[in-house]
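First the structure, in the form of structure tokens, and then the observations on it.
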Amino acid sequence: MRLRASVASLAVQGVNRASRLTGKGSGTVAGGRVGLKLDPKLLEDLARGRSTVLVSGTNGKTTTTALLTAALATAGPIATNATGSNMPPGHVAALVGTKASVGACLEVDEAWLPATAAATRPRAVVLLNLSRDQLDRSSEVRMLAERWRGAVASAGVVIANCDDPMVAWAASTAERVVWVAGGLEWKDDAGACPSCRGAITFDELGWRCGSCDLTRPTPTWWLDDRDAVCPSGPVSLTLELPGRFNRSNALVALAAADALGIDPDVAAHAMSMVHDVAGRFNEVVIASTPCRLMLAKNPAGWSALLDVVTEGTAPVVVAINSRTADGADPSWLFDVDFSKLQGRRVVATGDRWRDLSVRLRYAGVVHDAEADSTRAVEVAGTDGDMVEIVGNYTAFRDLLEASA
Amino acid sequence: MSPLRICTVYPDLLGTYGDSGNGEVLAARARWRDLDVELVAARSSERLPEADLYAIGGGEDGPQVLAAERLAADGGLVEAAKRGAVILAVCAGFQVIGNRFPDAQGQLHQGLGLLDIETAKGTGPRAVGEVAVAVPTESDGGLGLPMLSGFENHGGVTTLGPGVEPLGRVAAGVGNGAGDGSEGAVRGHVLGTYLHGPVLARNAALADLLLAWATGIELEPLDDAGSEDLRRERLGRLSLS
């Protein structure tokens, strides 16, 4: 390692230790920032000679990264950015202090994938899905797909969800692609072909563009009612994590692990033990109220999580903020079918509780509203029930901290 | 009396910014007044159905061009405008019902010509943020609505022709962006704006104006404490309430 990189690495570790000791942060971003300031090429240095896999997509990347890391760890130590700090400072912090012989499994923000791939020269890239998210600060879906095409062209292998036209188009530039039927419940960002602007139609068999030859690639990995079906045969998939979308995430992780040399049965067993993904789906206690805490950041994520929530009858707290990490415009609340919560006890909270309250009213959901999120949990749990909490990014994070 | 028919136009192409909520707001507000109402979402693969009120939303550049082509080929929206149907068009939808609009490369495409406006690709940064729009009183030839609140997110700059009136003037934010301080455009019962939020969720008075246009009846007031509180809070953050 170059001297400059060594100095920068030491600085990262120092700042991270200080940040953790003073309780000012989880110590992943601050140190990484300092390190990159001292040496802008630090990530390249840290990734050199390392077997790195990158995981990106609008939804499911933290969970898929956690599952894949568990699978890869069966063959040796793996460095990962488990806290969801998915930009270069988080990547630097994850790698610093580990030997180049230690593999890396990194979650990457959609917009940062090209730069991160250029810096880390990954052995594998996992592409999950692309849909609308934080439109005020992030790019529209097609622009991202376009940038991904350049990013994956040099990757050793790409593991891609063939059910998402945006992903399929982006991945098609790669030399080697493993196609996985990772599902796509949210189709409203894929109506126009990313290649030719023609109309994309979906049916039971998949999807196709009516104007050009872009069509759903044939997967070699898919899910049936019980198992993951791998090229080598069915593998039993039991997960601690709830929801169909997490089974899809696990399937993609299984295919990625396989591409990196891990036997699917071994990988599936390791993934079956994963229960904590940066606090998501955790059962916690807030204001003496037992809760299950869930994160949903955009319409696609909400649509998947509401299906999990509506399996039960517990009171629901919905928490919406609009800070930088959340996006400034919560108009997308109207893309979420909150009418599924009709008849449930619902409490609206978060910085944007007013927007949410108006949204719930138009969805026909009778609800209470509380500006203070801890108080909202208290109100929801008045009858001693377990409470389901779904929040967007900073709202979730604040509640997770309140539970500690 | 046949039910009031509200149509959300092409949510698969022009539904990126939550604007499908406008149709939902209109339908709910009609239902709460015991009006017989039908809300339909017309996907771009279908023929556009006949309706009393159409709501068109914002979308990405590629889908926007496709939507314009399909609406022109379909012809239903132009026919509807001729028979006096109410049309609310937001952001990309606003641009599409104008004379011409740009794609991502800035190349101009033919719009439907329902509003005498022309949109070009802006040269400055994208207009992103909270907007407040002062709407002129009826005696000043305006729609006489309380100040509108919304969120804009667009790169286009829209110039108004002589055939339209602006919806209002921006008190905060960019709006049409052509330097005249205008926001949106209105001609008869066709109304275009850059405001998301969705605009009708934040501005109940505008929703009721469109419903009054579509039904021709005077609507009884609703308890809008919640949305009024939201509108004032958003404007308050711009120090404008």
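Convention: chains lettered A, B, ... in structure tokens order; per-chain residue numbering from 1; ligands numbered from 1 as shown.
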Distance-based interface of chain A with chain B, 10 Å, counting only C-alpha atoms, as a PyMOL selection string: chain A and resi 131-137+139-143+187-201+299+328-336+352-359+361-364
Print the selection's residues with C-alpha atoms to a file, as a PDB file, in the first residue's frame.
ATOM      1  CA  SER A 131     -37.642   2.117  -9.293  1.00  0.00           C
ATOM      2  CA  ARG A 132     -38.546   5.627  -8.242  1.00  0.00           C
ATOM      3  CA  ASP A 133     -36.846   6.845  -5.083  1.00  0.00           C
ATOM      4  CA  GLN A 134     -36.059  10.331  -3.792  1.00  0.00           C
ATOM      5  CA  LEU A 135     -36.729  12.017  -7.084  1.00  0.00           C
ATOM      6  CA  ASP A 136     -35.725  15.438  -5.792  1.00  0.00           C
ATOM      7  CA  ARG A 137     -32.074  14.540  -5.389  1.00  0.00           C
ATOM      8  CA  SER A 139     -31.835  10.606 -10.929  1.00  0.00           C
ATOM      9  CA  GLU A 140     -34.786   9.299 -12.817  1.00  0.00           C
ATOM     10  CA  VAL A 141     -34.828   5.565 -13.275  1.00  0.00           C
ATOM     11  CA  ARG A 142     -33.751   5.474 -16.924  1.00  0.00           C
ATOM     12  CA  MET A 143     -30.738   7.717 -16.344  1.00  0.00           C
ATOM     13  CA  LYS A 187     -44.014  -2.284 -12.436  1.00  0.00           C
ATOM     14  CA  ASP A 188     -45.024   1.327 -12.773  1.00  0.00           C
ATOM     15  CA  ASP A 189     -41.517   2.571 -13.544  1.00  0.00           C
ATOM     16  CA  ALA A 190     -41.015   0.082 -16.331  1.00  0.00           C
ATOM     17  CA  GLY A 191     -43.834   0.979 -18.718  1.00  0.00           C
ATOM     18  CA  ALA A 192     -41.559   2.453 -21.356  1.00  0.00           C
ATOM     19  CA  CYS A 193     -38.643   0.506 -22.802  1.00  0.00           C
ATOM     20  CA  PRO A 194     -35.276   1.842 -21.555  1.00  0.00           C
ATOM     21  CA  SER A 195     -33.730   0.958 -24.891  1.00  0.00           C
ATOM     22  CA  CYS A 196     -36.163   2.329 -27.491  1.00  0.00           C
ATOM     23  CA  ARG A 197     -39.003   4.014 -25.496  1.00  0.00           C
ATOM     24  CA  GLY A 198     -41.475   1.477 -26.864  1.00  0.00           C
ATOM     25  CA  ALA A 199     -44.205   0.132 -24.610  1.00  0.00           C
ATOM     26  CA  ILE A 200     -43.346  -2.779 -22.324  1.00  0.00           C
ATOM     27  CA  THR A 201     -46.069  -5.295 -21.642  1.00  0.00           C
ATOM     28  CA  PRO A 299     -43.443   3.055  -3.249  1.00  0.00           C
ATOM     29  CA  ALA A 328     -37.774  16.307   0.208  1.00  0.00           C
ATOM     30  CA  ASP A 329     -40.992  15.466  -1.616  1.00  0.00           C
ATOM     31  CA  PRO A 330     -43.365  12.920  -0.051  1.00  0.00           C
ATOM     32  CA  SER A 331     -45.822  13.050  -2.982  1.00  0.00           C
ATOM     33  CA  TRP A 332     -45.047   9.348  -3.475  1.00  0.00           C
ATOM     34  CA  LEU A 333     -47.211   8.588  -0.436  1.00  0.00           C
ATOM     35  CA  PHE A 334     -50.057   8.649  -2.953  1.00  0.00           C
ATOM     36  CA  ASP A 335     -48.396   5.830  -4.893  1.00  0.00           C
ATOM     37  CA  VAL A 336     -48.750   3.591  -1.836  1.00  0.00           C
ATOM     38  CA  ARG A 352     -44.319  14.907   7.589  1.00  0.00           C
ATOM     39  CA  TRP A 353     -47.202  13.541   9.643  1.00  0.00           C
ATOM     40  CA  ARG A 354     -49.506  16.155   8.095  1.00  0.00           C
ATOM     41  CA  ASP A 355     -48.852  14.933   4.547  1.00  0.00           C
ATOM     42  CA  LEU A 356     -49.288  11.366   5.727  1.00  0.00           C
ATOM     43  CA  SER A 357     -52.490  12.215   7.572  1.00  0.00           C
ATOM     44  CA  VAL A 358     -53.989  13.784   4.430  1.00  0.00           C
ATOM     45  CA  ARG A 359     -52.872  10.734   2.441  1.00  0.00           C
ATOM     46  CA  ARG A 361     -57.713  10.356   4.882  1.00  0.00           C
ATOM     47  CA  TYR A 362     -57.999  10.009   1.105  1.00  0.00           C
ATOM     48  CA  ALA A 363     -57.213   6.291   1.430  1.00  0.00           C
ATOM     49  CA  GLY A 364     -60.147   5.956   3.817  1.00  0.00           C
TER      50      GLY A 364
END
If you run DSSP over the backbone, which residues in stretch 310-340 of chain A end up strand (DSSP E or B)? Put them as an mmCIF file with C-alpha atoms, in the first residue's frame.
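Saved file result_4.cif follows:
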data_model
loop_
_atom_site.group_PDB
_atom_site.id
_atom_site.type_symbol
_atom_site.label_atom_id
_atom_site.label_comp_id
_atom_site.auth_asym_id
_atom_site.auth_seq_id
_atom_site.Cartn_x
_atom_site.Cartn_y
_atom_site.Cartn_z
ATOM 1 C CA VAL A 316 -49.549 0.215 12.916
ATOM 2 C CA VAL A 317 -47.397 3.306 13.314
ATOM 3 C CA VAL A 318 -46.406 4.929 10.029
ATOM 4 C CA ALA A 319 -43.509 7.391 10.302
#
Pick out each residue of stretch 50-94 of chain B that DSSP on the backbone tags as alpha helix (DSSP H); I need them as a PDB file with N, CA and C atoms, in the first residue's frame.
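New file part_13.pdb:
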ATOM      1  N   ASP B  61     -38.486  11.604 -19.057  1.00  0.00           N
ATOM      2  CA  ASP B  61     -38.426  12.123 -20.423  1.00  0.00           C
ATOM      3  C   ASP B  61     -38.848  11.101 -21.483  1.00  0.00           C
ATOM      4  N   GLY B  62     -38.302   9.885 -21.404  1.00  0.00           N
ATOM      5  CA  GLY B  62     -38.609   8.868 -22.404  1.00  0.00           C
ATOM      6  C   GLY B  62     -40.097   8.531 -22.426  1.00  0.00           C
ATOM      7  N   PRO B  63     -40.647   8.125 -21.263  1.00  0.00           N
ATOM      8  CA  PRO B  63     -42.077   7.829 -21.194  1.00  0.00           C
ATOM      9  C   PRO B  63     -42.947   9.026 -21.600  1.00  0.00           C
ATOM     10  N   GLN B  64     -42.475  10.239 -21.332  1.00  0.00           N
ATOM     11  CA  GLN B  64     -43.239  11.434 -21.694  1.00  0.00           C
ATOM     12  C   GLN B  64     -43.446  11.503 -23.212  1.00  0.00           C
ATOM     13  N   VAL B  65     -42.394  11.234 -23.967  1.00  0.00           N
ATOM     14  CA  VAL B  65     -42.492  11.265 -25.427  1.00  0.00           C
ATOM     15  C   VAL B  65     -43.462  10.186 -25.904  1.00  0.00           C
ATOM     16  N   LEU B  66     -43.338   8.997 -25.312  1.00  0.00           N
ATOM     17  CA  LEU B  66     -44.236   7.894 -25.669  1.00  0.00           C
ATOM     18  C   LEU B  66     -45.689   8.260 -25.359  1.00  0.00           C
ATOM     19  N   ALA B  67     -45.907   8.880 -24.201  1.00  0.00           N
ATOM     20  CA  ALA B  67     -47.267   9.273 -23.800  1.00  0.00           C
ATOM     21  C   ALA B  67     -47.841  10.274 -24.800  1.00  0.00           C
ATOM     22  N   ALA B  68     -47.031  11.243 -25.212  1.00  0.00           N
ATOM     23  CA  ALA B  68     -47.510  12.251 -26.161  1.00  0.00           C
ATOM     24  C   ALA B  68     -47.896  11.593 -27.486  1.00  0.00           C
ATOM     25  N   GLU B  69     -47.051  10.670 -27.936  1.00  0.00           N
ATOM     26  CA  GLU B  69     -47.334   9.983 -29.202  1.00  0.00           C
ATOM     27  C   GLU B  69     -48.642   9.186 -29.115  1.00  0.00           C
ATOM     28  N   ARG B  70     -48.801   8.485 -27.988  1.00  0.00           N
ATOM     29  CA  ARG B  70     -50.000   7.650 -27.839  1.00  0.00           C
ATOM     30  C   ARG B  70     -51.263   8.496 -27.694  1.00  0.00           C
ATOM     31  N   LEU B  71     -51.155   9.611 -26.950  1.00  0.00           N
ATOM     32  CA  LEU B  71     -52.331  10.472 -26.785  1.00  0.00           C
ATOM     33  C   LEU B  71     -52.725  11.101 -28.116  1.00  0.00           C
ATOM     34  N   ALA B  72     -51.723  11.460 -28.911  1.00  0.00           N
ATOM     35  CA  ALA B  72     -52.014  12.047 -30.222  1.00  0.00           C
ATOM     36  C   ALA B  72     -52.673  11.009 -31.123  1.00  0.00           C
ATOM     37  N   ALA B  73     -52.143   9.793 -31.123  1.00  0.00           N
ATOM     38  CA  ALA B  73     -52.703   8.734 -31.972  1.00  0.00           C
ATOM     39  C   ALA B  73     -54.109   8.363 -31.519  1.00  0.00           C
ATOM     40  N   ASP B  74     -54.320   8.366 -30.189  1.00  0.00           N
ATOM     41  CA  ASP B  74     -55.617   7.990 -29.630  1.00  0.00           C
ATOM     42  C   ASP B  74     -56.687   9.037 -29.960  1.00  0.00           C
ATOM     43  N   GLY B  76     -58.454  10.782 -28.126  1.00  0.00           N
ATOM     44  CA  GLY B  76     -59.544  10.926 -27.153  1.00  0.00           C
ATOM     45  C   GLY B  76     -59.448  12.176 -26.294  1.00  0.00           C
ATOM     46  N   LEU B  77     -58.239  12.557 -25.920  1.00  0.00           N
ATOM     47  CA  LEU B  77     -58.096  13.703 -25.015  1.00  0.00           C
ATOM     48  C   LEU B  77     -58.412  15.011 -25.753  1.00  0.00           C
ATOM     49  N   VAL B  78     -57.989  15.087 -26.995  1.00  0.00           N
ATOM     50  CA  VAL B  78     -58.277  16.286 -27.789  1.00  0.00           C
ATOM     51  C   VAL B  78     -59.788  16.410 -27.991  1.00  0.00           C
ATOM     52  N   GLU B  79     -60.438  15.277 -28.282  1.00  0.00           N
ATOM     53  CA  GLU B  79     -61.901  15.266 -28.416  1.00  0.00           C
ATOM     54  C   GLU B  79     -62.567  15.717 -27.121  1.00  0.00           C
ATOM     55  N   ALA B  80     -62.063  15.178 -26.018  1.00  0.00           N
ATOM     56  CA  ALA B  80     -62.639  15.502 -24.709  1.00  0.00           C
ATOM     57  C   ALA B  80     -62.540  16.996 -24.432  1.00  0.00           C
ATOM     58  N   ALA B  81     -61.396  17.581 -24.763  1.00  0.00           N
ATOM     59  CA  ALA B  81     -61.214  19.015 -24.542  1.00  0.00           C
ATOM     60  C   ALA B  81     -62.223  19.800 -25.380  1.00  0.00           C
ATOM     61  N   LYS B  82     -62.481  19.332 -26.591  1.00  0.00           N
ATOM     62  CA  LYS B  82     -63.436  20.021 -27.478  1.00  0.00           C
ATOM     63  C   LYS B  82     -64.842  19.999 -26.891  1.00  0.00           C
ATOM     64  N   ALA B  92     -44.748  16.950 -16.514  1.00  0.00           N
ATOM     65  CA  ALA B  92     -44.582  16.403 -17.866  1.00  0.00           C
ATOM     66  C   ALA B  92     -45.916  16.391 -18.605  1.00  0.00           C
ATOM     67  N   GLY B  93     -47.008  16.127 -17.881  1.00  0.00           N
ATOM     68  CA  GLY B  93     -48.338  16.129 -18.488  1.00  0.00           C
ATOM     69  C   GLY B  93     -48.723  17.519 -18.975  1.00  0.00           C
ATOM     70  N   PHE B  94     -48.366  18.526 -18.195  1.00  0.00           N
ATOM     71  CA  PHE B  94     -48.579  19.937 -18.556  1.00  0.00           C
ATOM     72  C   PHE B  94     -47.852  20.239 -19.864  1.00  0.00           C
TER      73      PHE B  94
END
Proximity to A:Val108 - best of A:Ala82, A:Ala73, A:Leu306, A:Ala267, only C-alpha atoms: A:Ala82
Between atom CA of A:Leu95 and atom CA of A:Gly156, distance in Å (one decimal):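 For atom CA of A:Leu95 relative to atom CA of A:Gly156, the distance reads 20.3 Å.
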Distance query B:Leu53 at most 9 Å, only C-alpha atoms, self and fewer than 4 positions along chain excluded, as an MDAnalysis selection string: chainID B and resid 4:8 23 80 85:88 210:211 213:214
Create the file for the chosen residues now, containing C-alpha atoms and written as a PDB file, in the first residue's frame.
ATOM      1  CA  LEU B   4     -69.154  11.535 -12.704  1.00  0.00           C
ATOM      2  CA  ARG B   5     -66.281   9.861 -14.533  1.00  0.00           C
ATOM      3  CA  ILE B   6     -62.721  10.717 -13.539  1.00  0.00           C
ATOM      4  CA  CYS B   7     -59.859   9.316 -15.582  1.00  0.00           C
ATOM      5  CA  THR B   8     -56.216   9.096 -14.509  1.00  0.00           C
ATOM      6  CA  GLY B  23     -57.598  11.404  -9.391  1.00  0.00           C
ATOM      7  CA  ALA B  80     -62.639  15.502 -24.709  1.00  0.00           C
ATOM      8  CA  ALA B  85     -64.198  18.043 -20.346  1.00  0.00           C
ATOM      9  CA  VAL B  86     -62.041  19.216 -17.451  1.00  0.00           C
ATOM     10  CA  ILE B  87     -58.325  18.477 -17.778  1.00  0.00           C
ATOM     11  CA  LEU B  88     -55.725  18.806 -15.032  1.00  0.00           C
ATOM     12  CA  LEU B 210     -62.213  21.278 -10.879  1.00  0.00           C
ATOM     13  CA  LEU B 211     -65.116  19.231  -9.493  1.00  0.00           C
ATOM     14  CA  TRP B 213     -66.334  22.667 -13.421  1.00  0.00           C
ATOM     15  CA  ALA B 214     -66.971  19.004 -14.130  1.00  0.00           C
TER      16      ALA B 214
END
Identify, on the basis of only C-alpha atoms, every residue whose closest approach to stretch 278-284 of chain A does not exceed 8 Å; exclude the query and any residue fewer than 5 positions from it along the same chain; express the result as a tab-separated table (two decimals) with C-alpha atoms, in the first residue's frame.
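New file selection.tsv:
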chain	number	residue	atom	x	y	z
A	62	THR	CA	-28.94	-3.96	2.61
A	82	ALA	CA	-23.43	-3.75	7.29
A	83	THR	CA	-24.86	-0.48	8.57
A	84	GLY	CA	-26.12	0.61	5.17
A	241	LEU	CA	-36.75	-12.49	7.58
A	242	PRO	CA	-40.42	-11.97	6.66
A	290	PRO	CA	-43.10	-4.10	22.13
A	291	CYS	CA	-42.73	-3.33	18.42
A	292	ARG	CA	-41.53	-4.74	15.16
A	293	LEU	CA	-39.52	-2.12	13.33
A	294	MET	CA	-39.47	-2.00	9.54
A	295	LEU	CA	-37.98	0.27	6.92
A	400	LEU	CA	-34.24	2.36	16.23
A	403	SER	CA	-35.28	1.66	21.25
Among listed residues A:Asn246, A:Gln342, A:Ser373, A:Ser9, nearest A:Leu38 (using only C-alpha atoms):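 That would be A:Ser9, the residue with the smallest distance to A:Leu38.
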Proximity to B:Gly141 - best of B:Gly168, B:Gly156, B:Gly161, B:Gly173, only C-alpha atoms: B:Gly168
Spatial neighbours of A:Ala124, 6 Å, only C-alpha atoms, chain gap at least 3 places, as a PyMOL selection string: chain A and resi 53+155-158
Å distance separating atom CA of A:Pro165 from atom CA of A:Thr116, one decimal place: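 That distance, rounded to one decimal, is 22.9 Å.
The space between atom CA of A:Gly97 and atom CA of A:Ala325 spans 27.9 Å.
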Test item: residues at most 12 Å from B:Gly124, only C-alpha atoms, excluding those fewer than 5 positions along its chain, as a compact mmCIF listing (two decimals) with N, CA and C atoms, in the first residue's frame:
# COMPACT_ATOMS: atom_id res chain seq x y z
N HIS B 154 -38.53 19.90 -12.12
CA HIS B 154 -38.53 19.87 -13.59
C HIS B 154 -37.35 20.64 -14.17
N GLY B 155 -36.96 20.24 -15.36
CA GLY B 155 -35.87 20.92 -16.05
C GLY B 155 -36.37 21.81 -17.18
N GLY B 156 -37.65 21.71 -17.51
CA GLY B 156 -38.20 22.47 -18.63
C GLY B 156 -38.54 23.90 -18.25
N VAL B 157 -38.52 24.77 -19.25
CA VAL B 157 -38.91 26.17 -19.09
C VAL B 157 -40.09 26.41 -20.03
N VAL B 174 -39.83 28.36 -8.65
CA VAL B 174 -39.50 28.76 -10.02
C VAL B 174 -40.73 28.82 -10.93
N GLY B 177 -40.74 29.36 -15.15
CA GLY B 177 -39.30 29.58 -15.30
C GLY B 177 -38.87 30.43 -16.47
N ALA B 178 -39.81 31.09 -17.15
CA ALA B 178 -39.44 31.87 -18.34
C ALA B 178 -39.14 33.33 -18.01
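In terms of minimum interatomic distance to A:Phe245, A:Leu128 ranks closest within A:Val92, A:Met271, A:Cys230, A:Leu128, counting only C-alpha atoms.
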